[in-house]
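Chemist: Next up, work_19.pdb (PDB, C-alpha atoms).
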```
ATOM      1  CA  ASN J  15       0.000   0.000   0.000
ATOM      2  CA  ALA J  16       1.966   3.014  -1.249
ATOM      3  CA  GLY J  17      -0.614   5.661  -0.284
ATOM      4  CA  VAL J  18       0.970   9.077  -0.844
ATOM      5  CA  THR J  19       4.492   9.047  -2.261
ATOM      6  CA  GLN J  20       6.736  12.105  -2.219
ATOM      7  CA  THR J  21      10.042  12.539  -4.037
ATOM      8  CA  PRO J  22      12.701  13.443  -3.244
ATOM      9  CA  LYS J  23      12.968  12.793   0.494
ATOM     10  CA  PHE J  24      15.864  15.208   0.937
ATOM     11  CA  GLN J  25      17.206  18.060  -1.164
ATOM     12  CA  VAL J  26      19.744  20.832  -0.742
ATOM     13  CA  LEU J  27      19.537  23.819  -3.066
ATOM     14  CA  LYS J  28      21.396  27.035  -3.499
ATOM     15  CA  THR J  29      19.530  30.324  -3.357
ATOM     16  CA  GLY J  30      18.002  31.074  -6.742
ATOM     17  CA  GLN J  31      17.864  27.489  -7.954
ATOM     18  CA  SER J  32      14.585  25.954  -8.976
ATOM     19  CA  MET J  33      13.145  22.561  -8.296
ATOM     20  CA  THR J  34       9.925  20.590  -8.330
ATOM     21  CA  LEU J  35       8.663  18.412  -5.517
ATOM     22  CA  GLN J  36       6.669  15.462  -6.756
ATOM     23  CA  CYS J  37       3.662  13.863  -5.113
ATOM     24  CA  ALA J  38       1.553  10.941  -6.237
ATOM     25  CA  GLN J  39      -1.313   9.077  -4.582
ATOM     26  CA  ASP J  40      -2.767   5.710  -5.518
ATOM     27  CA  MET J  41      -6.005   5.906  -3.515
ATOM     28  CA  ASN J  42      -8.114   7.498  -6.257
ATOM     29  CA  HIS J  43      -8.555  10.594  -4.097
ATOM     30  CA  ASN J  44      -9.972  13.722  -5.635
ATOM     31  CA  SER J  45      -8.265  16.295  -3.411
ATOM     32  CA  MET J  46      -4.579  16.914  -2.808
ATOM     33  CA  TYR J  47      -2.667  19.386  -0.650
ATOM     34  CA  TRP J  48       0.804  20.802  -0.086
ATOM     35  CA  TYR J  49       1.863  21.884   3.422
ATOM     36  CA  ARG J  50       5.065  23.152   4.926
ATOM     37  CA  GLN J  51       6.168  22.457   8.486
ATOM     38  CA  ASP J  52       8.552  24.786  10.292
ATOM     39  CA  PRO J  53       9.936  24.490  13.839
ATOM     40  CA  GLY J  54       7.605  25.946  16.451
ATOM     41  CA  MET J  55       4.789  26.403  13.977
ATOM     42  CA  GLY J  56       1.868  24.281  12.938
ATOM     43  CA  LEU J  57       1.566  22.889   9.457
ATOM     44  CA  ARG J  58       0.638  25.588   6.978
ATOM     45  CA  LEU J  59      -1.196  25.064   3.721
ATOM     46  CA  ILE J  60       0.637  26.265   0.617
ATOM     47  CA  TYR J  61      -1.733  25.195  -2.164
ATOM     48  CA  TYR J  62      -4.449  22.659  -2.638
ATOM     49  CA  SER J  63      -6.358  21.019  -5.443
ATOM     50  CA  ALA J  64      -9.948  20.156  -4.648
ATOM     51  CA  SER J  65     -10.263  18.116  -7.832
ATOM     52  CA  GLU J  66      -8.374  17.358 -11.016
ATOM     53  CA  GLY J  67      -7.979  20.532 -13.050
ATOM     54  CA  THR J  68      -8.364  22.959 -10.137
ATOM     55  CA  THR J  69      -5.854  24.550  -7.792
ATOM     56  CA  ASP J  70      -6.246  27.166  -5.080
ATOM     57  CA  LYS J  71      -3.938  29.176  -2.868
ATOM     58  CA  GLY J  72      -3.607  28.317   0.767
ATOM     59  CA  GLU J  73      -2.185  30.294   3.623
ATOM     60  CA  VAL J  74       1.412  30.731   2.351
ATOM     61  CA  PRO J  75       1.474  30.494  -1.473
ATOM     62  CA  ASN J  76       4.090  33.144  -2.260
ATOM     63  CA  GLY J  77       7.166  31.755  -3.995
ATOM     64  CA  TYR J  78       5.458  28.533  -5.054
ATOM     65  CA  ASN J  79       3.516  27.196  -8.016
ATOM     66  CA  VAL J  80       1.625  23.948  -8.346
ATOM     67  CA  SER J  81       0.407  21.663 -11.091
ATOM     68  CA  ARG J  82      -2.295  19.045 -10.807
ATOM     69  CA  LEU J  83      -0.945  16.903 -13.604
ATOM     70  CA  ASN J  84      -3.715  14.314 -13.385
ATOM     71  CA  LYS J  85      -5.830  12.781 -10.658
ATOM     72  CA  ARG J  86      -2.832  10.990  -9.140
ATOM     73  CA  GLU J  87      -0.136  13.662  -9.236
ATOM     74  CA  PHE J  88       0.229  17.097  -7.667
ATOM     75  CA  SER J  89       3.604  18.829  -7.938
ATOM     76  CA  LEU J  90       4.999  21.839  -6.107
ATOM     77  CA  ARG J  91       7.542  24.083  -7.818
ATOM     78  CA  LEU J  92       9.970  26.564  -6.347
ATOM     79  CA  GLU J  93      11.012  28.845  -9.213
ATOM     80  CA  SER J  94      13.755  30.725  -7.371
ATOM     81  CA  ALA J  95      14.495  29.159  -4.009
ATOM     82  CA  ALA J  96      15.087  31.383  -0.990
ATOM     83  CA  PRO J  97      16.491  30.470   2.449
ATOM     84  CA  SER J  98      13.050  31.227   3.942
ATOM     85  CA  GLN J  99      11.740  28.231   2.023
ATOM     86  CA  THR J 100      13.914  25.863   4.021
ATOM     87  CA  SER J 101      11.318  23.584   5.526
ATOM     88  CA  VAL J 102       9.787  20.135   5.544
ATOM     89  CA  TYR J 103       7.138  19.806   2.863
ATOM     90  CA  PHE J 104       4.223  17.410   3.127
ATOM     91  CA  CYS J 105       1.817  16.338   0.455
ATOM     92  CA  ALA J 106      -1.577  14.972   1.487
ATOM     93  CA  SER J 107      -4.728  13.716  -0.144
ATOM     94  CA  SER J 108      -8.349  13.153   0.815
ATOM     95  CA  PRO J 109     -11.261  11.485  -0.946
ATOM     96  CA  GLU J 110     -13.118  14.739  -1.521
ATOM     97  CA  GLY J 111     -12.488  18.430  -1.037
ATOM     98  CA  GLY J 112     -13.060  20.224   2.219
ATOM     99  CA  PHE J 113     -11.009  19.897   5.341
ATOM    100  CA  ASN J 114     -13.573  17.960   7.335
ATOM    101  CA  GLN J 115     -12.243  14.685   5.964
ATOM    102  CA  PRO J 116      -9.261  12.619   7.111
ATOM    103  CA  GLN J 117      -6.145  13.414   5.153
ATOM    104  CA  HIS J 118      -3.482  10.919   4.133
ATOM    105  CA  PHE J 119       0.048  12.285   4.294
ATOM    106  CA  GLY J 120       3.265  11.445   2.521
ATOM    107  CA  ASP J 121       6.526  11.024   4.421
ATOM    108  CA  GLY J 122       7.713  14.539   3.652
ATOM    109  CA  THR J 123      10.526  16.210   1.749
ATOM    110  CA  ARG J 124      13.248  17.908   3.759
ATOM    111  CA  LEU J 125      14.429  20.892   1.789
ATOM    112  CA  SER J 126      17.385  23.101   2.704
ATOM    113  CA  ILE J 127      18.144  26.307   0.835
ATOM    114  CA  LEU J 128      21.680  27.609   1.303
TER     115      LEU J 128
ATOM    116  CA  LYS X   1      -3.009  33.977  20.819
ATOM    117  CA  ASN X   2      -3.055  31.056  18.402
ATOM    118  CA  GLU X   3      -6.426  29.867  17.215
ATOM    119  CA  VAL X   4      -5.490  26.279  18.136
ATOM    120  CA  GLU X   5      -3.448  25.664  21.241
ATOM    121  CA  GLN X   6      -2.175  22.397  22.620
ATOM    122  CA  SER X   7      -0.970  21.492  26.068
ATOM    123  CA  PRO X   8       1.397  20.361  27.245
ATOM    124  CA  GLN X   9       4.051  21.136  24.645
ATOM    125  CA  ASN X  10       6.249  18.334  25.980
ATOM    126  CA  LEU X  11       5.267  15.297  27.999
ATOM    127  CA  THR X  12       7.351  12.488  29.423
ATOM    128  CA  ALA X  13       5.593   9.425  30.796
ATOM    129  CA  GLN X  14       6.496   6.015  32.116
ATOM    130  CA  GLU X  15       5.351   2.953  30.254
ATOM    131  CA  GLY X  16       1.867   1.976  31.321
ATOM    132  CA  GLU X  17       0.731   5.446  32.364
ATOM    133  CA  PHE X  18      -2.530   7.033  31.216
ATOM    134  CA  ILE X  19      -1.777  10.064  29.071
ATOM    135  CA  THR X  20      -3.912  13.077  28.213
ATOM    136  CA  ILE X  21      -3.099  15.696  25.590
ATOM    137  CA  ASN X  22      -5.316  18.750  25.363
ATOM    138  CA  CYS X  23      -6.372  20.938  22.460
ATOM    139  CA  SER X  24      -8.281  24.210  22.782
ATOM    140  CA  TYR X  25      -9.508  26.256  19.861
ATOM    141  CA  SER X  26     -11.065  29.684  19.539
ATOM    142  CA  VAL X  27     -12.847  29.320  16.188
ATOM    143  CA  GLY X  28     -16.105  27.667  15.288
ATOM    144  CA  ILE X  29     -15.362  24.286  13.804
ATOM    145  CA  SER X  30     -16.976  21.635  11.677
ATOM    146  CA  ALA X  31     -14.484  18.940  12.651
ATOM    147  CA  LEU X  32     -11.343  18.395  14.677
ATOM    148  CA  HIS X  33      -8.451  16.168  13.634
ATOM    149  CA  TRP X  34      -5.842  14.376  15.695
ATOM    150  CA  LEU X  35      -2.632  13.421  13.903
ATOM    151  CA  GLN X  36       0.463  11.503  14.936
ATOM    152  CA  GLN X  37       3.945  12.304  13.670
ATOM    153  CA  HIS X  38       6.682   9.815  14.422
ATOM    154  CA  PRO X  39      10.406  10.533  14.567
ATOM    155  CA  GLY X  40      11.420  10.373  10.945
ATOM    156  CA  GLY X  41       8.529  12.635  10.100
ATOM    157  CA  GLY X  42       5.632  10.675   8.639
ATOM    158  CA  ILE X  43       2.171  11.952   9.633
ATOM    159  CA  VAL X  44      -0.770   9.667  10.250
ATOM    160  CA  SER X  45      -4.368  10.695  10.777
ATOM    161  CA  LEU X  46      -5.666   9.199  14.041
ATOM    162  CA  PHE X  47      -9.139  10.649  14.440
ATOM    163  CA  MET X  48     -11.539  13.113  12.976
ATOM    164  CA  LEU X  49     -14.493  14.040  15.153
ATOM    165  CA  SER X  50     -17.178  16.649  15.385
ATOM    166  CA  SER X  51     -18.890  15.529  18.581
ATOM    167  CA  GLY X  52     -18.664  13.043  21.418
ATOM    168  CA  LYS X  53     -15.959  10.440  21.591
ATOM    169  CA  LYS X  54     -14.083   8.048  19.325
ATOM    170  CA  LYS X  55     -11.934   5.085  20.300
ATOM    171  CA  HIS X  56      -9.353   3.096  18.390
ATOM    172  CA  GLY X  57      -7.373   0.552  20.313
ATOM    173  CA  ARG X  58      -5.702   2.310  23.235
ATOM    174  CA  LEU X  59      -6.436   5.766  21.864
ATOM    175  CA  ILE X  60      -9.511   7.770  22.759
ATOM    176  CA  ALA X  61     -10.433  11.205  21.443
ATOM    177  CA  THR X  62     -13.124  13.379  22.954
ATOM    178  CA  ILE X  63     -14.508  16.758  22.041
ATOM    179  CA  ASN X  64     -16.654  19.292  23.886
ATOM    180  CA  ILE X  65     -18.058  21.691  21.329
ATOM    181  CA  GLN X  66     -19.470  24.102  23.917
ATOM    182  CA  GLU X  67     -16.139  24.418  25.695
ATOM    183  CA  LYS X  68     -14.148  24.383  22.426
ATOM    184  CA  HIS X  69     -11.879  21.706  23.775
ATOM    185  CA  SER X  70     -10.695  18.275  22.698
ATOM    186  CA  SER X  71      -8.559  15.681  24.421
ATOM    187  CA  LEU X  72      -6.545  12.737  23.201
ATOM    188  CA  HIS X  73      -6.076   9.961  25.736
ATOM    189  CA  ILE X  74      -3.652   7.061  25.522
ATOM    190  CA  THR X  75      -4.263   4.167  27.873
ATOM    191  CA  ALA X  76      -1.494   1.769  28.946
ATOM    192  CA  SER X  77       1.123   3.858  27.171
ATOM    193  CA  HIS X  78       4.044   2.161  25.453
ATOM    194  CA  PRO X  79       7.385   3.465  24.149
ATOM    195  CA  ARG X  80       6.104   3.028  20.590
ATOM    196  CA  ASP X  81       3.545   5.753  21.369
ATOM    197  CA  SER X  82       6.423   8.244  21.489
ATOM    198  CA  ALA X  83       5.652  10.801  18.818
ATOM    199  CA  VAL X  84       4.378  14.308  18.222
ATOM    200  CA  TYR X  85       0.591  14.548  18.475
ATOM    201  CA  ILE X  86      -1.025  17.341  16.514
ATOM    202  CA  CYS X  87      -4.567  18.631  16.623
ATOM    203  CA  ALA X  88      -6.087  20.575  13.755
ATOM    204  CA  ALA X  89      -9.413  22.391  13.658
ATOM    205  CA  CYS X  90     -11.467  22.578  10.487
ATOM    206  CA  ASN X  91     -13.246  25.911  10.636
ATOM    207  CA  GLY X  92     -15.810  25.058   7.982
ATOM    208  CA  GLY X  93     -17.795  27.819   6.338
ATOM    209  CA  ALA X  94     -16.696  29.908   3.376
ATOM    210  CA  THR X  95     -13.057  29.948   4.436
ATOM    211  CA  ASN X  96     -12.932  26.224   4.996
ATOM    212  CA  LYS X  97      -9.413  25.416   6.147
ATOM    213  CA  LEU X  98      -7.436  23.457   8.700
ATOM    214  CA  ILE X  99      -5.759  25.327  11.538
ATOM    215  CA  PHE X 100      -2.992  23.264  13.087
ATOM    216  CA  GLY X 101      -1.671  23.293  16.596
ATOM    217  CA  THR X 102       2.075  23.202  17.119
ATOM    218  CA  GLY X 103       2.011  19.694  18.520
ATOM    219  CA  THR X 104       2.737  17.864  21.766
ATOM    220  CA  LEU X 105       5.971  15.906  21.933
ATOM    221  CA  LEU X 106       5.355  12.720  23.894
ATOM    222  CA  ALA X 107       8.150  10.491  25.150
ATOM    223  CA  VAL X 108       7.181   7.245  26.842
ATOM    224  CA  GLN X 109      10.032   5.701  28.755
ATOM    225  CA  PRO X 110      10.290   1.966  29.409
TER     226      PRO X 110
END
```
Could you write out this file's structure as C-alpha cells?

Modeler:
Amino acid sequence: NAGVTQTPKFQVLKTGQSMTLQCAQDMNHNSMYWYRQDPGMGLRLIYYSASEGTTDKGEVPNGYNVSRLNKREFSLRLESAAPSQTSVYFCASSPEGGFNQPQHFGDGTRLSIL
Amino acid sequence: KNEVEQSPQNLTAQEGEFITINCSYSVGISALHWLQQHPGGGIVSLFMLSSGKKKHGRLIATINIQEKHSSLHITASHPRDSAVYICAACNGGATNKLIFGTGTLLAVQP
C-alpha cells in the first residue's frame, strides 16, 4: 500500500535554484494538498487542489507554483528558491475536497536552501 | 493567541501510564483532527471528530463543542507511542481550512 508518495525525500539547493517536488497518490482521491512544516509552527497550507484541473492558494502560497498533472499527481515548484523556504514539505490527499475529511500524508521532503 | 493551542508542549511518561493531551480552539469548527507524527517525520491521521468520543485501540479522542476543547487519551502507554501529536481544527464555512496546533511531543520511557 503506497498511499501518498513524495520525491525526493531530501534536497539541498542554493539560493536562486529551482526545483519541483513530486507527489503521487494511488487511492483514487480527488483532493490533494501541499503543506510546509517549520519548527515551532503548525503545518501551513501552501496550495491545494480540490479536484483534477483545479488549484487554489492556501495560507502561504508566495514563492510557489503547483500543477495538478492528473488525478494521481500534484507537484509543487519553487522557481527561485530562498532560504526562507527551508522547511519540511508534506503532500496529502483526501477522498473529496473540504477539510472535514481525514487526510493521508506522505513522508515529507526535507528541503534546505543555502 | 493562536487559534489552536495544545498542552502540554512536551510530555514524558512512564510505560503503562494514562496520558492526556489537550487541544483548545477559539474558532467555530466543523471537525477536529488528531494526527500523529513519528520521529522520521511521517504523519498519520488518528481521528476526525465533530462531537462526542471516538476510540481506536488504546487511543480515545473526545470533544466538547461548547467548551471548544478536545482531548486525546492514551491508555497503557508504550514506548512506541512516542511521537508528536497534533490537533487541527477545520473551521468550515466559506473559508474552509485546517488550523494546526504546534504539537505535543510525547516520550514514553520503558

Chemist: May I ask you to extract the residues of chain J within 12 Å of chain X, using only C-alpha atoms, and to give them as a PyMOL selection string?

Modeler: chain J and resi 17-20+23-24+47+49-62+64+70-73+102-108+111-124

Chemist: Which of these residues is nearest to Thr100 (chain J), using all atoms listed in the file: J:Gln31, J:Leu128, J:Ser81, J:His43?

Modeler: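 Checking each candidate against Thr100 (chain J), we get J:Leu128 as the closest.
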
Chemist: Expand the PyMOL selection byres ((chain X and resi 20) around 9) into the explicit residue set it covers here, and present it as an NGL selection string.

Modeler: :X and (18-19 or 21-22 or 71-75)

Chemist: Decode the PyMOL selection byres ((chain X and resi 104) around 7) for the given file into explicit residues and return them as a list in words.

Modeler: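 Written out, the selection comes to Gln6, Ser7, Pro8, Gln9, Asn10, Val84, Tyr85, Ile86, Gly103, Leu105 and Leu106 of chain X.
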
Chemist: Just want the 9 Å neighbourhood of Ala16 (chain J), counted on all atoms listed in the file, with same-chain residues fewer than 6 positions away dropped. Output as a PyMOL selection string.

Modeler: chain J and resi 39-41

Chemist: Go ahead and compute the interatomic distance for CA of Ile65 (chain X) and CA of Gln36 (chain X), in Å to one decimal.

Modeler: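 Computed distance, CA of Ile65 (chain X) to CA of Gln36 (chain X), equals 22.1 Å.
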
Chemist: Taking the block above, write region 74-112 of chain J with N, CA and C atoms as an mmCIF file, in the first residue's frame.

Modeler:
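Once everything was written out, this is result_3.cif:
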```
data_model
loop_
_atom_site.group_PDB
_atom_site.id
_atom_site.type_symbol
_atom_site.label_atom_id
_atom_site.label_comp_id
_atom_site.auth_asym_id
_atom_site.auth_seq_id
_atom_site.Cartn_x
_atom_site.Cartn_y
_atom_site.Cartn_z
ATOM 1 N N VAL J 74 0.065 30.215 2.647
ATOM 2 C CA VAL J 74 1.412 30.731 2.351
ATOM 3 C C VAL J 74 1.837 30.377 0.928
ATOM 4 N N PRO J 75 1.175 30.902 -0.106
ATOM 5 C CA PRO J 75 1.474 30.494 -1.473
ATOM 6 C C PRO J 75 2.650 31.207 -2.145
ATOM 7 N N ASN J 76 3.090 32.331 -1.571
ATOM 8 C CA ASN J 76 4.090 33.144 -2.260
ATOM 9 C C ASN J 76 5.401 32.384 -2.449
ATOM 10 N N GLY J 77 5.911 32.421 -3.685
ATOM 11 C CA GLY J 77 7.166 31.755 -3.995
ATOM 12 C C GLY J 77 6.995 30.342 -4.520
ATOM 13 N N TYR J 78 5.749 29.901 -4.615
ATOM 14 C CA TYR J 78 5.458 28.533 -5.054
ATOM 15 C C TYR J 78 4.462 28.533 -6.213
ATOM 16 N N ASN J 79 4.535 27.492 -7.023
ATOM 17 C CA ASN J 79 3.516 27.196 -8.016
ATOM 18 C C ASN J 79 3.208 25.709 -7.942
ATOM 19 N N VAL J 80 2.019 25.358 -8.376
ATOM 20 C CA VAL J 80 1.625 23.948 -8.346
ATOM 21 C C VAL J 80 1.034 23.548 -9.687
ATOM 22 N N SER J 81 1.047 22.239 -9.915
ATOM 23 C CA SER J 81 0.407 21.663 -11.091
ATOM 24 C C SER J 81 -0.296 20.386 -10.687
ATOM 25 N N ARG J 82 -1.586 20.307 -10.993
ATOM 26 C CA ARG J 82 -2.295 19.045 -10.807
ATOM 27 C C ARG J 82 -2.243 18.349 -12.160
ATOM 28 N N LEU J 83 -1.250 17.496 -12.310
ATOM 29 C CA LEU J 83 -0.945 16.903 -13.604
ATOM 30 C C LEU J 83 -2.046 15.955 -14.071
ATOM 31 N N ASN J 84 -2.612 15.241 -13.144
ATOM 32 C CA ASN J 84 -3.715 14.314 -13.385
ATOM 33 C C ASN J 84 -4.299 13.990 -12.016
ATOM 34 N N LYS J 85 -5.194 13.037 -11.945
ATOM 35 C CA LYS J 85 -5.830 12.781 -10.658
ATOM 36 C C LYS J 85 -4.816 12.289 -9.634
ATOM 37 N N ARG J 86 -3.797 11.589 -10.049
ATOM 38 C CA ARG J 86 -2.832 10.990 -9.140
ATOM 39 C C ARG J 86 -1.762 11.953 -8.655
ATOM 40 N N GLU J 87 -1.361 12.919 -9.495
ATOM 41 C CA GLU J 87 -0.136 13.662 -9.236
ATOM 42 C C GLU J 87 -0.369 15.158 -9.012
ATOM 43 N N PHE J 88 0.348 15.675 -8.020
ATOM 44 C CA PHE J 88 0.229 17.097 -7.667
ATOM 45 C C PHE J 88 1.638 17.567 -7.320
ATOM 46 N N SER J 89 2.221 18.416 -8.144
ATOM 47 C CA SER J 89 3.604 18.829 -7.938
ATOM 48 C C SER J 89 3.677 20.255 -7.418
ATOM 49 N N LEU J 90 4.749 20.516 -6.689
ATOM 50 C CA LEU J 90 4.999 21.839 -6.107
ATOM 51 C C LEU J 90 6.329 22.351 -6.648
ATOM 52 N N ARG J 91 6.332 23.552 -7.206
ATOM 53 C CA ARG J 91 7.542 24.083 -7.818
ATOM 54 C C ARG J 91 8.014 25.344 -7.112
ATOM 55 N N LEU J 92 9.307 25.376 -6.845
ATOM 56 C CA LEU J 92 9.970 26.564 -6.347
ATOM 57 C C LEU J 92 10.749 27.135 -7.521
ATOM 58 N N GLU J 93 10.369 28.283 -8.023
ATOM 59 C CA GLU J 93 11.012 28.845 -9.213
ATOM 60 C C GLU J 93 12.376 29.439 -8.899
ATOM 61 N N SER J 94 12.495 30.107 -7.770
ATOM 62 C CA SER J 94 13.755 30.725 -7.371
ATOM 63 C C SER J 94 13.857 30.585 -5.856
ATOM 64 N N ALA J 95 14.509 29.518 -5.428
ATOM 65 C CA ALA J 95 14.495 29.159 -4.009
ATOM 66 C C ALA J 95 15.153 30.228 -3.147
ATOM 67 N N ALA J 96 14.570 30.431 -1.975
ATOM 68 C CA ALA J 96 15.087 31.383 -0.990
ATOM 69 C C ALA J 96 15.301 30.657 0.330
ATOM 70 N N PRO J 97 16.255 31.133 1.150
ATOM 71 C CA PRO J 97 16.491 30.470 2.449
ATOM 72 C C PRO J 97 15.231 30.338 3.299
ATOM 73 N N SER J 98 14.290 31.282 3.160
ATOM 74 C CA SER J 98 13.050 31.227 3.942
ATOM 75 C C SER J 98 12.175 30.039 3.553
ATOM 76 N N GLN J 99 12.502 29.404 2.449
ATOM 77 C CA GLN J 99 11.740 28.231 2.023
ATOM 78 C C GLN J 99 12.345 26.927 2.533
ATOM 79 N N THR J 100 13.400 27.038 3.330
ATOM 80 C CA THR J 100 13.914 25.863 4.021
ATOM 81 C C THR J 100 12.836 25.348 4.958
ATOM 82 N N SER J 101 12.450 24.108 4.776
ATOM 83 C CA SER J 101 11.318 23.584 5.526
ATOM 84 C C SER J 101 11.167 22.093 5.232
ATOM 85 N N VAL J 102 10.206 21.486 5.898
ATOM 86 C CA VAL J 102 9.787 20.135 5.544
ATOM 87 C C VAL J 102 8.437 20.261 4.846
ATOM 88 N N TYR J 103 8.339 19.688 3.677
ATOM 89 C CA TYR J 103 7.138 19.806 2.863
ATOM 90 C C TYR J 103 6.370 18.493 2.863
ATOM 91 N N PHE J 104 5.078 18.588 3.117
ATOM 92 C CA PHE J 104 4.223 17.410 3.127
ATOM 93 C C PHE J 104 3.137 17.544 2.070
ATOM 94 N N CYS J 105 2.949 16.464 1.358
ATOM 95 C CA CYS J 105 1.817 16.338 0.455
ATOM 96 C C CYS J 105 0.768 15.472 1.140
ATOM 97 N N ALA J 106 -0.492 15.762 0.905
ATOM 98 C CA ALA J 106 -1.577 14.972 1.487
ATOM 99 C C ALA J 106 -2.699 14.844 0.474
ATOM 100 N N SER J 107 -3.565 13.874 0.721
ATOM 101 C CA SER J 107 -4.728 13.716 -0.144
ATOM 102 C C SER J 107 -5.933 13.329 0.696
ATOM 103 N N SER J 108 -7.108 13.579 0.167
ATOM 104 C CA SER J 108 -8.349 13.153 0.815
ATOM 105 C C SER J 108 -9.350 12.784 -0.277
ATOM 106 N N PRO J 109 -10.329 11.945 0.086
ATOM 107 C CA PRO J 109 -11.261 11.485 -0.946
ATOM 108 C C PRO J 109 -11.960 12.615 -1.688
ATOM 109 N N GLU J 110 -12.418 13.611 -0.926
ATOM 110 C CA GLU J 110 -13.118 14.739 -1.521
ATOM 111 C C GLU J 110 -12.525 16.017 -0.980
ATOM 112 N N GLY J 111 -12.947 17.140 -1.521
ATOM 113 C CA GLY J 111 -12.488 18.430 -1.037
ATOM 114 C C GLY J 111 -13.093 18.768 0.302
ATOM 115 N N GLY J 112 -12.615 19.822 0.891
ATOM 116 C CA GLY J 112 -13.060 20.224 2.219
ATOM 117 C C GLY J 112 -12.166 19.606 3.271
#
```
